[in-house]
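**Q** To be precise about what I am sending: the file is called data29.cif and holds mmCIF, C-alpha atoms (C1' of nucleotides).
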```cif
data_model
#
loop_
_atom_site.label_atom_id
_atom_site.label_comp_id
_atom_site.auth_asym_id
_atom_site.auth_seq_id
_atom_site.Cartn_x
_atom_site.Cartn_y
_atom_site.Cartn_z
CA MET A 1 104.95 108.28 60.76
CA LEU A 2 101.85 106.11 60.86
CA GLU A 3 103.39 103.72 58.35
CA ARG A 4 106.31 103.27 60.64
CA LEU A 5 103.95 102.47 63.50
CA LYS A 6 102.29 99.77 61.46
CA ALA A 7 105.32 97.52 61.75
CA ASN A 8 104.79 97.32 65.51
CA PHE A 9 101.30 95.89 65.19
CA PRO A 10 101.38 93.00 62.72
CA LEU A 11 98.10 91.67 64.07
CA LEU A 12 96.21 94.75 63.02
CA HIS A 13 97.28 94.99 59.42
CA ASP A 14 93.91 94.17 57.92
CA ARG A 15 92.22 96.96 59.90
CA TRP A 16 95.11 99.36 59.64
CA ASP A 17 93.78 101.56 56.85
CA ASP A 18 90.65 102.22 58.84
CA TYR A 19 92.64 103.13 61.94
CA ILE A 20 95.01 105.37 60.05
CA SER A 21 92.20 107.38 58.51
CA CYS A 22 91.18 108.52 62.02
CA PHE A 23 94.43 110.36 62.59
CA LYS A 24 94.91 113.93 61.41
CA ARG A 25 98.25 115.62 61.03
CA MET A 26 98.86 119.15 62.35
CA GLN A 27 101.74 121.59 62.60
CA VAL A 28 101.92 123.74 65.74
CA ALA A 29 104.03 126.72 66.80
CA PRO A 30 105.98 126.72 70.09
CA LYS A 31 104.03 127.70 73.20
CA THR A 32 100.72 126.69 71.73
CA ILE A 33 98.19 125.48 74.26
CA LEU A 34 96.59 122.23 73.11
CA LEU A 35 94.48 121.69 76.20
CA LYS A 36 93.75 124.20 78.93
CA GLU A 37 93.42 123.28 82.58
CA GLY A 38 89.71 123.08 83.36
CA ASP A 39 88.63 122.18 79.83
CA ILE A 40 87.43 118.72 78.86
CA SER A 41 89.76 116.70 76.68
CA HIS A 42 88.41 115.21 73.45
CA LYS A 43 91.67 114.52 71.68
CA ALA A 44 94.76 112.41 72.11
CA TYR A 45 98.01 113.36 70.42
CA LEU A 46 100.86 111.42 68.92
CA ILE A 47 104.12 113.32 68.55
CA GLU A 48 105.93 112.98 65.25
CA LYS A 49 108.37 115.81 65.92
CA GLY A 50 108.82 118.21 68.78
CA CYS A 51 108.21 118.40 72.49
CA LEU A 52 105.20 118.97 74.75
CA ARG A 53 104.89 119.69 78.41
CA VAL A 54 102.05 119.06 80.85
CA SER A 55 101.55 121.63 83.57
CA PHE A 56 99.12 123.04 86.10
CA ASP A 57 98.60 126.28 87.93
CA LYS A 58 99.84 126.50 91.50
CA ASN A 59 98.72 129.79 93.05
CA GLY A 60 99.44 131.73 89.89
CA THR A 61 102.70 130.04 88.94
CA ASP A 62 102.84 127.46 86.22
CA VAL A 63 104.31 124.12 87.29
CA THR A 64 105.52 121.57 84.75
CA PHE A 65 105.26 117.96 85.77
CA GLN A 66 105.81 115.94 82.60
CA PHE A 67 107.57 116.22 79.26
CA PHE A 68 106.77 114.28 76.10
CA PHE A 69 108.91 113.80 72.99
CA GLU A 70 108.83 112.06 69.64
CA ASN A 71 106.74 108.86 69.34
CA SER A 72 104.89 109.42 72.59
CA THR A 73 101.15 109.66 72.94
CA VAL A 74 99.80 112.42 75.11
CA SER A 75 96.42 113.09 76.63
CA SER A 76 95.00 114.29 79.89
CA ILE A 77 94.22 110.70 80.67
CA GLU A 78 91.68 111.26 83.42
CA SER A 79 89.84 113.99 81.54
CA PHE A 80 89.98 111.98 78.35
CA THR A 81 88.67 108.78 79.85
CA LYS A 82 86.11 110.08 82.30
CA GLY A 83 85.07 113.30 80.57
CA LEU A 84 86.06 115.38 83.58
CA PRO A 85 87.62 118.86 83.38
CA SER A 86 91.36 118.43 82.95
CA GLU A 87 93.58 119.08 85.93
CA PHE A 88 96.39 119.99 83.55
CA SER A 89 97.31 122.04 80.55
CA ILE A 90 99.14 120.59 77.57
CA GLU A 91 101.42 123.00 75.72
CA THR A 92 104.03 122.77 72.98
CA VAL A 93 107.57 123.64 73.97
CA GLU A 94 109.09 123.47 70.50
CA ALA A 95 107.40 123.74 67.13
CA CYS A 96 105.70 120.38 66.69
CA THR A 97 104.33 118.01 64.11
CA LEU A 98 101.48 116.10 65.72
CA TRP A 99 98.85 113.53 64.86
CA TRP A 100 95.60 113.81 66.72
CA ILE A 101 92.67 111.46 67.07
CA ASP A 102 89.23 112.00 68.46
CA LYS A 103 88.03 110.39 71.66
CA THR A 104 85.19 108.54 69.93
CA ASP A 105 87.54 107.01 67.39
CA ILE A 106 90.04 105.91 70.00
CA GLU A 107 87.31 104.26 72.01
CA ARG A 108 86.02 102.38 69.01
CA ILE A 109 89.48 101.18 68.04
CA LEU A 110 90.33 100.18 71.57
CA ASN A 111 87.17 98.11 71.96
CA GLU A 112 88.02 96.29 68.77
CA VAL A 113 91.69 95.77 69.47
CA ILE A 114 91.41 94.59 73.03
CA THR A 115 89.61 91.41 71.95
CA ILE A 116 92.86 90.17 70.40
CA PRO A 117 94.73 88.35 73.20
CA ALA A 118 98.20 89.47 72.12
CA MET A 119 97.06 93.08 71.85
CA ARG A 120 95.28 92.87 75.16
CA LYS A 121 98.50 91.74 76.74
CA GLN A 122 100.37 94.62 75.15
CA ILE A 123 97.81 97.17 76.31
CA LEU A 124 97.79 95.86 79.86
CA ASN A 125 101.54 95.95 79.80
CA THR A 126 101.59 99.55 78.64
CA MET A 127 99.24 100.58 81.42
CA PHE A 128 101.35 98.66 83.86
CA GLU A 129 104.54 100.34 82.70
CA ARG A 130 102.88 103.72 83.02
CA THR A 131 102.00 103.01 86.62
CA ILE A 132 105.53 101.88 87.37
CA ASN A 133 106.86 105.04 85.78
CA TYR A 134 104.69 107.22 87.97
CA MET A 135 105.81 105.27 90.97
CA HIS A 136 109.48 105.69 90.17
CA HIS A 137 109.17 109.37 89.33
CA PHE A 138 107.31 109.85 92.57
CA LEU A 139 109.83 107.84 94.55
CA SER A 140 112.69 109.98 93.36
CA PHE A 141 110.97 112.95 94.98
CA ILE A 142 111.01 111.18 98.32
CA ARG A 143 114.28 109.39 97.99
CA ASP A 144 116.61 111.86 96.28
CA THR A 145 117.79 115.41 96.84
CA PRO A 146 117.05 117.95 94.08
CA GLU A 147 120.69 117.79 93.03
CA GLN A 148 120.50 114.02 92.70
CA ARG A 149 117.25 114.30 90.74
CA TYR A 150 118.96 116.69 88.35
CA LEU A 151 121.93 114.36 87.93
CA ASN A 152 119.57 111.45 87.31
CA LEU A 153 117.78 113.44 84.66
CA LEU A 154 121.08 114.37 83.01
CA GLU A 155 122.09 110.73 82.96
CA GLN A 156 118.79 109.09 82.08
CA LYS A 157 117.20 111.67 79.79
CA PRO A 158 119.88 114.10 78.66
CA TYR A 159 117.69 115.24 75.76
CA VAL A 160 115.31 116.82 78.25
CA VAL A 161 118.01 119.08 79.63
CA GLN A 162 119.20 119.87 76.11
CA ARG A 163 115.85 120.71 74.59
CA VAL A 164 113.76 122.21 77.38
CA PRO A 165 114.22 125.72 78.87
CA GLN A 166 115.68 125.58 82.33
CA HIS A 167 112.83 127.13 84.28
CA TYR A 168 110.52 124.37 83.08
CA ILE A 169 113.05 121.82 84.21
CA ALA A 170 113.31 123.48 87.60
CA SER A 171 109.60 123.18 88.24
CA TYR A 172 109.70 119.60 86.92
CA LEU A 173 112.35 118.85 89.54
CA GLY A 174 110.24 120.54 92.20
CA ILE A 175 112.55 123.48 92.84
CA SER A 176 112.86 127.17 91.91
CA SER A 177 114.84 128.16 88.84
CA VAL A 178 117.25 130.05 91.07
CA HIS A 179 117.93 126.90 93.00
CA LEU A 180 118.56 124.95 89.82
CA SER A 181 121.10 127.57 88.78
CA ARG A 182 122.83 127.13 92.12
CA ILE A 183 122.85 123.36 91.72
CA LYS A 184 124.41 123.64 88.28
CA ALA A 185 127.04 126.03 89.62
CA ARG A 186 127.81 123.64 92.47
CA ILE A 187 128.15 120.69 90.11
CA ALA A 188 130.47 122.67 87.83
CA ARG A 189 132.56 123.69 90.85
CA LYS A 190 132.87 120.08 91.99
CA ALA A 191 133.85 118.92 88.52
CA SER A 192 136.76 121.34 88.21
CA MET B 1 86.04 87.47 104.33
CA LEU B 2 86.27 85.58 101.05
CA GLU B 3 82.54 84.90 101.13
CA ARG B 4 81.94 88.62 101.37
CA LEU B 5 84.16 89.18 98.34
CA LYS B 6 82.13 86.74 96.32
CA ALA B 7 79.20 89.13 96.10
CA ASN B 8 81.35 91.55 94.11
CA PHE B 9 82.03 89.06 91.34
CA PRO B 10 78.74 87.48 90.28
CA LEU B 11 80.27 86.35 87.00
CA LEU B 12 82.76 84.11 88.72
CA HIS B 13 80.48 82.16 90.98
CA ASP B 14 80.87 78.84 89.22
CA ARG B 15 84.67 79.00 89.58
CA TRP B 16 84.63 80.61 92.98
CA ASP B 17 85.31 77.52 95.06
CA ASP B 18 88.44 76.85 93.07
CA TYR B 19 89.65 80.42 93.52
CA ILE B 20 88.89 80.46 97.21
CA SER B 21 90.91 77.33 97.85
CA CYS B 22 94.05 79.17 96.72
CA PHE B 23 93.89 81.66 99.57
CA LYS B 24 95.40 80.88 102.95
CA ARG B 25 94.60 82.73 106.14
CA MET B 26 97.32 83.88 108.53
CA GLN B 27 97.62 85.85 111.76
CA VAL B 28 100.61 88.15 112.13
CA ALA B 29 102.08 90.16 115.01
CA PRO B 30 102.78 93.91 114.67
CA LYS B 31 106.11 94.84 113.05
CA THR B 32 106.39 91.59 111.19
CA ILE B 33 108.22 91.85 107.90
CA LEU B 34 106.27 90.12 105.13
CA LEU B 35 108.65 91.03 102.32
CA LYS B 36 112.15 92.39 102.65
CA GLU B 37 113.62 94.94 100.26
CA GLY B 38 115.82 93.04 97.82
CA ASP B 39 113.93 89.76 98.06
CA ILE B 40 111.72 88.47 95.28
CA SER B 41 108.01 88.54 95.91
CA HIS B 42 106.00 85.35 95.44
CA LYS B 43 102.90 86.27 97.41
CA ALA B 44 100.12 88.79 97.32
CA TYR B 45 98.16 89.66 100.44
CA LEU B 46 94.59 90.57 101.14
CA ILE B 47 93.97 92.36 104.43
CA GLU B 48 91.05 91.13 106.52
CA LYS B 49 92.03 93.09 109.62
CA GLY B 50 94.93 95.38 110.43
CA CYS B 51 97.33 97.70 108.69
CA LEU B 52 100.47 97.31 106.57
CA ARG B 53 103.06 99.78 105.42
CA VAL B 54 105.38 99.70 102.42
CA SER B 55 108.80 101.22 102.90
CA PHE B 56 112.34 101.38 101.61
CA ASP B 57 115.76 102.17 102.96
CA LYS B 58 117.15 105.64 102.28
CA ASN B 59 120.74 105.81 103.48
CA GLY B 60 120.02 103.84 106.60
CA THR B 61 116.69 105.44 107.48
CA ASP B 62 113.45 103.68 106.79
CA VAL B 63 111.00 105.66 104.64
CA THR B 64 107.32 104.74 104.46
CA PHE B 65 105.54 105.54 101.24
CA GLN B 66 102.27 103.69 101.38
CA PHE B 67 99.77 102.39 103.92
CA PHE B 68 97.21 99.65 103.39
CA PHE B 69 94.15 98.81 105.45
CA GLU B 70 91.24 96.39 105.54
CA ASN B 71 90.02 94.97 102.19
CA SER B 72 93.08 96.11 100.25
CA THR B 73 95.37 93.85 98.31
CA VAL B 74 99.09 94.36 98.72
CA SER B 75 102.09 93.17 96.79
CA SER B 76 105.35 94.56 95.56
CA ILE B 77 103.74 94.87 92.18
CA GLU B 78 106.91 95.15 90.11
CA SER B 79 108.69 92.35 91.92
CA PHE B 80 105.60 90.21 91.86
CA THR B 81 104.92 90.66 88.16
CA LYS B 82 108.42 90.67 86.77
CA GLY B 83 110.21 88.50 89.28
CA LEU B 84 112.69 91.25 90.10
CA PRO B 85 114.10 91.92 93.59
CA SER B 86 111.63 94.13 95.42
CA GLU B 87 112.49 97.78 95.85
CA PHE B 88 110.36 97.85 99.00
CA SER B 89 109.69 96.12 102.23
CA ILE B 90 106.19 95.23 103.40
CA GLU B 91 105.64 95.23 107.13
CA THR B 92 102.69 94.98 109.51
CA VAL B 93 101.95 98.04 111.62
CA GLU B 94 99.22 96.50 113.73
CA ALA B 95 98.49 92.86 114.46
CA CYS B 96 96.90 91.61 111.25
CA THR B 97 94.66 88.92 109.86
CA LEU B 98 95.70 88.32 106.26
CA TRP B 99 94.90 86.08 103.33
CA TRP B 100 97.77 85.28 101.02
CA ILE B 101 97.91 83.71 97.61
CA ASP B 102 100.81 82.40 95.59
CA LYS B 103 102.03 84.06 92.43
CA THR B 104 101.38 81.02 90.26
CA ASP B 105 97.78 80.80 91.44
CA ILE B 106 97.12 84.47 90.86
CA GLU B 107 98.50 84.23 87.34
CA ARG B 108 96.35 81.23 86.52
CA ILE B 109 93.21 82.91 87.86
CA LEU B 110 93.98 86.17 86.09
CA ASN B 111 94.43 84.46 82.74
CA GLU B 112 91.12 82.76 83.16
CA VAL B 113 89.20 85.76 84.41
CA ILE B 114 90.44 88.29 81.90
CA THR B 115 88.72 86.49 79.04
CA ILE B 116 85.36 87.57 80.45
CA PRO B 117 84.64 91.00 78.93
CA ALA B 118 82.99 92.45 82.03
CA MET B 119 85.85 91.27 84.22
CA ARG B 120 88.38 92.58 81.76
CA LYS B 121 86.75 95.97 81.96
CA GLN B 122 86.85 95.85 85.72
CA ILE B 123 90.51 94.86 85.80
CA LEU B 124 91.51 97.56 83.35
CA ASN B 125 89.57 100.02 85.42
CA THR B 126 91.32 98.97 88.60
CA MET B 127 94.72 99.39 86.97
CA PHE B 128 93.62 102.74 85.66
CA GLU B 129 92.46 103.91 89.07
CA ARG B 130 95.74 102.81 90.57
CA THR B 131 97.66 104.92 88.09
CA ILE B 132 95.45 107.93 88.79
CA ASN B 133 96.02 107.44 92.50
CA TYR B 134 99.77 107.46 92.08
CA MET B 135 99.49 110.55 89.96
CA HIS B 136 97.44 112.40 92.55
CA HIS B 137 99.63 111.33 95.43
CA PHE B 138 102.64 112.43 93.46
CA LEU B 139 101.04 115.73 92.49
CA SER B 140 100.36 116.63 96.08
CA PHE B 141 104.10 116.49 96.69
CA ILE B 142 104.66 119.09 94.01
CA ARG B 143 101.58 121.17 94.56
CA ASP B 144 101.17 121.30 98.32
CA THR B 145 103.25 122.28 101.33
CA PRO B 146 103.86 119.60 103.96
CA GLU B 147 101.32 121.30 106.21
CA GLN B 148 98.70 121.16 103.47
CA ARG B 149 99.52 117.50 102.78
CA TYR B 150 98.98 116.74 106.45
CA LEU B 151 95.66 118.58 106.46
CA ASN B 152 94.60 116.71 103.33
CA LEU B 153 95.46 113.42 104.98
CA LEU B 154 93.50 114.37 108.08
CA GLU B 155 90.49 115.23 105.97
CA GLN B 156 90.65 112.45 103.38
CA LYS B 157 92.00 109.54 105.41
CA PRO B 158 91.63 110.39 109.08
CA TYR B 159 92.00 106.70 109.98
CA VAL B 160 95.61 106.83 108.86
CA VAL B 161 96.45 109.53 111.38
CA GLN B 162 94.49 107.70 114.04
CA ARG B 163 96.00 104.26 113.53
CA VAL B 164 99.58 104.82 112.40
CA PRO B 165 102.47 106.04 114.60
CA GLN B 166 103.46 109.58 113.81
CA HIS B 167 107.01 108.99 112.62
CA TYR B 168 105.70 106.70 109.87
CA ILE B 169 103.27 109.41 108.84
CA ALA B 170 106.06 111.98 108.79
CA SER B 171 108.12 109.98 106.34
CA TYR B 172 104.97 109.28 104.33
CA LEU B 173 104.47 113.05 104.06
CA GLY B 174 108.11 113.47 103.07
CA ILE B 175 109.21 115.31 106.22
CA SER B 176 111.03 114.59 109.48
CA SER B 177 109.06 113.62 112.55
CA VAL B 178 110.28 116.76 114.27
CA HIS B 179 108.83 118.84 111.50
CA LEU B 180 105.50 117.06 111.71
CA SER B 181 105.40 117.84 115.41
CA ARG B 182 106.00 121.49 114.60
CA ILE B 183 103.23 121.46 112.01
CA LYS B 184 100.78 119.95 114.48
CA ALA B 185 101.75 122.56 117.06
CA ARG B 186 101.24 125.32 114.50
CA ILE B 187 97.84 124.00 113.50
CA ALA B 188 96.77 123.77 117.15
CA ARG B 189 97.98 127.34 117.72
CA LYS B 190 95.99 128.61 114.75
CA ALA B 191 92.86 126.78 115.87
CA SER B 192 92.82 128.37 119.28
"C1'" DG C 1 119.62 145.95 62.35
"C1'" DT C 2 116.82 147.31 66.41
"C1'" DC C 3 114.02 146.51 70.15
"C1'" DA C 4 111.51 143.71 73.30
"C1'" DA C 5 111.00 139.46 75.46
"C1'" DA C 6 112.89 135.30 77.24
"C1'" DC C 7 116.49 133.09 79.48
"C1'" DG C 8 119.94 132.17 82.83
"C1'" DA C 9 123.40 133.54 86.52
"C1'" DT C 10 124.18 135.65 90.85
"C1'" DA C 11 123.70 138.17 95.30
"C1'" DA C 12 121.22 139.24 99.57
"C1'" DC C 13 118.02 138.09 102.52
"C1'" DA C 14 113.91 135.39 104.46
"C1'" DT C 15 111.74 131.14 105.32
"C1'" DT C 16 111.43 126.34 105.61
"C1'" DT C 17 113.12 122.12 106.96
"C1'" DG C 18 116.54 118.91 108.90
"C1'" DT C 19 119.58 117.30 112.79
"C1'" DT C 20 120.76 116.44 117.29
"C1'" DA C 21 119.77 116.30 121.93
"C1'" DT C 22 116.71 116.17 125.87
"C1'" DC C 23 112.57 115.26 128.31
"C1'" DA C 24 107.93 113.50 129.38
"C1'" DA C 25 104.28 110.39 128.55
"C1'" DA C 26 102.42 106.15 126.91
"C1'" DT C 27 102.99 101.30 126.05
"C1'" DA C 28 104.81 96.66 126.21
"C1'" DC C 29 107.14 93.05 128.65
"C1'" DT C 30 108.14 90.27 132.45
"C1'" DA D 1 104.52 96.91 140.01
"C1'" DG D 2 108.93 97.90 137.65
"C1'" DT D 3 111.70 98.49 133.80
"C1'" DA D 4 112.74 99.05 129.00
"C1'" DT D 5 111.01 100.58 124.63
"C1'" DT D 6 108.37 103.43 121.87
"C1'" DT D 7 106.36 107.58 120.96
"C1'" DG D 8 105.88 112.50 120.65
"C1'" DA D 9 107.09 117.42 121.93
"C1'" DT D 10 110.41 121.00 122.09
"C1'" DA D 11 114.70 123.82 121.85
"C1'" DA D 12 118.92 125.21 119.54
"C1'" DC D 13 121.42 125.26 115.80
"C1'" DA D 14 122.68 124.05 110.81
"C1'" DA D 15 121.56 123.36 106.12
"C1'" DA D 16 118.55 123.67 102.26
"C1'" DT D 17 115.51 126.23 99.55
"C1'" DG D 18 112.59 130.18 98.23
"C1'" DT D 19 111.99 135.18 97.00
"C1'" DT D 20 113.18 139.33 95.05
"C1'" DA D 21 116.04 142.10 92.48
"C1'" DT D 22 119.67 143.01 89.15
"C1'" DC D 23 122.41 142.16 85.11
"C1'" DG D 24 124.23 140.24 80.88
"C1'" DT D 25 123.16 137.21 77.01
"C1'" DT D 26 120.42 135.12 73.67
"C1'" DT D 27 116.40 134.84 70.81
"C1'" DG D 28 112.59 136.32 68.11
"C1'" DA D 29 109.67 139.70 65.75
"C1'" DC D 30 109.33 143.38 62.74
#
```
Could you write out this file's structure as structure tokens?

**A**
Amino acid sequence: MLERLKANFPLLHDRWDDYISCFKRMQVAPKTILLKEGDISHKAYLIEKGCLRVSFDKNGTDVTFQFFFENSTVSSIESFTKGLPSEFSIETVEACTLWWIDKTDIERILNEVITIPAMRKQILNTMFERTINYMHHFLSFIRDTPEQRYLNLLEQKPYVVQRVPQHYIASYLGISSVHLSRIKARIARKAS
Amino acid sequence: MLERLKANFPLLHDRWDDYISCFKRMQVAPKTILLKEGDISHKAYLIEKGCLRVSFDKNGTDVTFQFFFENSTVSSIESFTKGLPSEFSIETVEACTLWWIDKTDIERILNEVITIPAMRKQILNTMFERTINYMHHFLSFIRDTPEQRYLNLLEQKPYVVQRVPQHYIASYLGISSVHLSRIKARIARKAS
DNA sequence: GTCAAACGATAACATTTGTTATCAAATACT
DNA sequence: AGTATTTGATAACAAATGTTATCGTTTGAC
């Protein structure tokens, strides 16, 4: 996993062994809570295999608002960066193989890496893309009906629908699981 | 306006005159369109006085999704950075006094400024805050009822409710203007 | 293999929200 | 001042969505 990553960062090869040694591999069962809402985050995760979801409590019901799959990095970014209690929980959906790294290590590496102009550009770009993603995801809540959001998800990220239980998807789409069932039935009716 | 800004960037004072000369001042009437959905953005704006809104077309109806007030910078960030057609329009709500700067100038200044470690930190932090803001705004759509979102807006940004016509606010909250009227009536009823 | 839990579909009913139309008040324009 | 435009409230009705309950199927644990 980490060897594969190396190819993406040719500029860091001389420091790579040091960076790699900061990552620890772990195997986790489904439905394991990696970070609990209200706790302070000290770790970031890199997903080798499996699927995570990020959720929060809304008057007693659990609401999913993001999914993460292979090769993504996951952390409660605000809690991680500012040391505040996390607004979210992070939980495995499937059995996962993860790499985790401690906050202090990440900070050290980042300080070192950001001095390289090409890396700086890449990091800024990643942050930028993340903002754009939030914006688009948010926009689809304003712009589209739940049915359209579901169809978009099917088209743009079919693996989500295939791998994640439906009630998580419903809350991710902002609707009840009953309503998602109805939407699926309606789509099937139209198709026939 | 620009002199006031200077105090925030002590590290840039020796280059400040050059930077300042890139900004042009303009006066604009209410309801003036500064950028039209579909056009490519070449300018960023800094608001000295007045209020802008960012909107897009949803099947023929105009939907507002952001407001900007004094001392904010506004651009169609994706269009501006990537040179893509803008997904949004930018329009004045009130009569405005603005400063605008061309894309090429901004890029030149940014490349220069980002080499200064303290400035780099500040820029990264600004991008970070912007992402967090999107996340929170987005979360309130999932987490809160329209009534709660309106109450939050009243509490956290009362000037928005005071300065912006109600139908813009309704679409900003993701509801029809009729529904916002009902919510206000319900709140008034409860209060009495 | 058996049992319990998780998952998903569906029905019935309640609530929320949108749409259209109408009216009154405020504002802008000339 | 007079008129048109914008703004906001409200009513009546339609559509969308949530809630609760039930049932069959699948999955997982032992």

**Q** Mind pulling up the distance from atom CA of Ile90 of chain A to atom CA of His137 of chain B?

**A**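 Taking atom CA of His137 of chain B and atom CA of Ile90 of chain A, their separation equals 20.1 Å.
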
**Q** Using all atoms listed in the file, determine which residues lie at most 12 Å from DA21 of chain C, disregarding the query and same-chain residues fewer than 5 positions distant; provide the list as a list in words.

**A**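 Listed by chain and then number, they are DT10, DA11, DA12 and DC13 of chain D.
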
**Q** Could you please determine the separation between atom C1' of DA24 of chain C and atom CA of Ile183 of chain B in Å, to one decimal place?

**A** 19.7 Å

**Q** Would you write out, as CSV, a table of all residues in chain D that have an atom no more than 9 Å from an atom of chain B, listing for each the closest atom pair and the distance in Å to one decimal, considering all atoms listed in the file and ordering rows by chain and rising residue number?

**A**
```
residue,atom,partner,partner_atom,distance
D:DT7,C1',B:Pro165,CA,7.6
D:DG8,C1',B:Ser181,CA,7.5
D:DA9,C1',B:Ser181,CA,6.7
D:DT10,C1',B:Arg182,CA,8.7
```

**Q** I'd like the residues picked by the PyMOL selection byres ((chain C) within 12 of (chain B)) written out as JSON, numbers by chain, using the chain letters and numbers from the file.

**A** {"C": [16, 17, 18, 19, 20]}

**Q** Emit the selected residues as a tab-separated table (two decimals), keeping the file's coordinate frame, including C-alpha atoms (C1' of nucleotides).

**A**
```
chain	number	residue	atom	x	y	z
C	16	DT	C1'	111.43	126.34	105.61
C	17	DT	C1'	113.12	122.12	106.96
C	18	DG	C1'	116.54	118.91	108.90
C	19	DT	C1'	119.58	117.30	112.79
C	20	DT	C1'	120.76	116.44	117.29
```

**Q** Can you pull out every residue within 10 Å of DT15 of chain C, counting all atoms listed in the file, but drop anything in the same chain fewer than 3 positions away, and send it as a list in words?

**A**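 Here the answer would be DT17, DG18 and DT19 of chain D.
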
**Q** Counting all atoms listed in the file, which residues of chain B come no farther than 12 Å from chain A, as a ChimeraX atom specification?

**A** /B:55-66,76-79,81-82,87-88,110-112,114-117,120-121,123-145,170-176

**Q** DA29 of chain D: which residues within 12 Å, counting all atoms listed in the file, same-chain residues fewer than 2 positions away excluded, as a PyMOL selection string?

**A** (chain C and resi 2-5) or (chain D and resi 27)

**Q** What is the atom CA of Gly38 of chain B to atom CA of Ser75 of chain B distance in Å?

**A**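 We find that atom CA of Gly38 of chain B and atom CA of Ser75 of chain B lie 13.8 Å from each other.
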
**Q** Hey, what comes out of the PyMOL selection byres ((chain C and resi 26) around 9) on this file? Could you write it as an MDAnalysis selection string?

**A** (chainID C and resid 25 27) or (chainID D and resid 6:7)

**Q** Name the residues in contact with Asp105 of chain A at a cut-off of 12 Å, using all atoms listed in the file, excluding same-chain residues fewer than 5 positions from it; report them as a ChimeraX atom specification.

**A** /A:18-24,42-44,100,110-112

**Q** Write a file of the selected residues as a PDB file, in the frame of the given file, keeping C-alpha atoms.

**A**
```
ATOM      1  CA  ASP A  18      90.650 102.220  58.840  1.00  0.00           C
ATOM      2  CA  TYR A  19      92.640 103.130  61.940  1.00  0.00           C
ATOM      3  CA  ILE A  20      95.010 105.370  60.050  1.00  0.00           C
ATOM      4  CA  SER A  21      92.200 107.380  58.510  1.00  0.00           C
ATOM      5  CA  CYS A  22      91.180 108.520  62.020  1.00  0.00           C
ATOM      6  CA  PHE A  23      94.430 110.360  62.590  1.00  0.00           C
ATOM      7  CA  LYS A  24      94.910 113.930  61.410  1.00  0.00           C
ATOM      8  CA  HIS A  42      88.410 115.210  73.450  1.00  0.00           C
ATOM      9  CA  LYS A  43      91.670 114.520  71.680  1.00  0.00           C
ATOM     10  CA  ALA A  44      94.760 112.410  72.110  1.00  0.00           C
ATOM     11  CA  TRP A 100      95.600 113.810  66.720  1.00  0.00           C
ATOM     12  CA  LEU A 110      90.330 100.180  71.570  1.00  0.00           C
ATOM     13  CA  ASN A 111      87.170  98.110  71.960  1.00  0.00           C
ATOM     14  CA  GLU A 112      88.020  96.290  68.770  1.00  0.00           C
TER      15      GLU A 112
END
```

**Q** Assuming 4 Å of padding per side, give the centre and edge lengths of the axis-aligned box around every listed atom of segment 4-17 of chain C, in Å to one decimal and as JSON.

**A**
```
{"center_x": 117.6, "center_y": 132.9, "center_z": 90.1, "size_x": 21.2, "size_y": 29.6, "size_z": 41.7}
```

**Q** Selected by the PyMOL selection byres ((chain C and resi 7) around 8) in the shown coordinates: which residues, as a count of residues only?

**A** 4

**Q** Find the residues around Thr32 of chain B up to 9 Å (only C-alpha atoms (C1' of nucleotides) counted), leave out those fewer than 6 positions away in its own chain, and share them as a ChimeraX atom specification.

**A** /B:90-93,95

**Q** Please return as a ChimeraX atom specification every residue within 7 Å of (120.9, 136.3, 85.0), taking into account all atoms listed in the file and the file's own coordinates.

**A** /C:8-10 /D:23-24
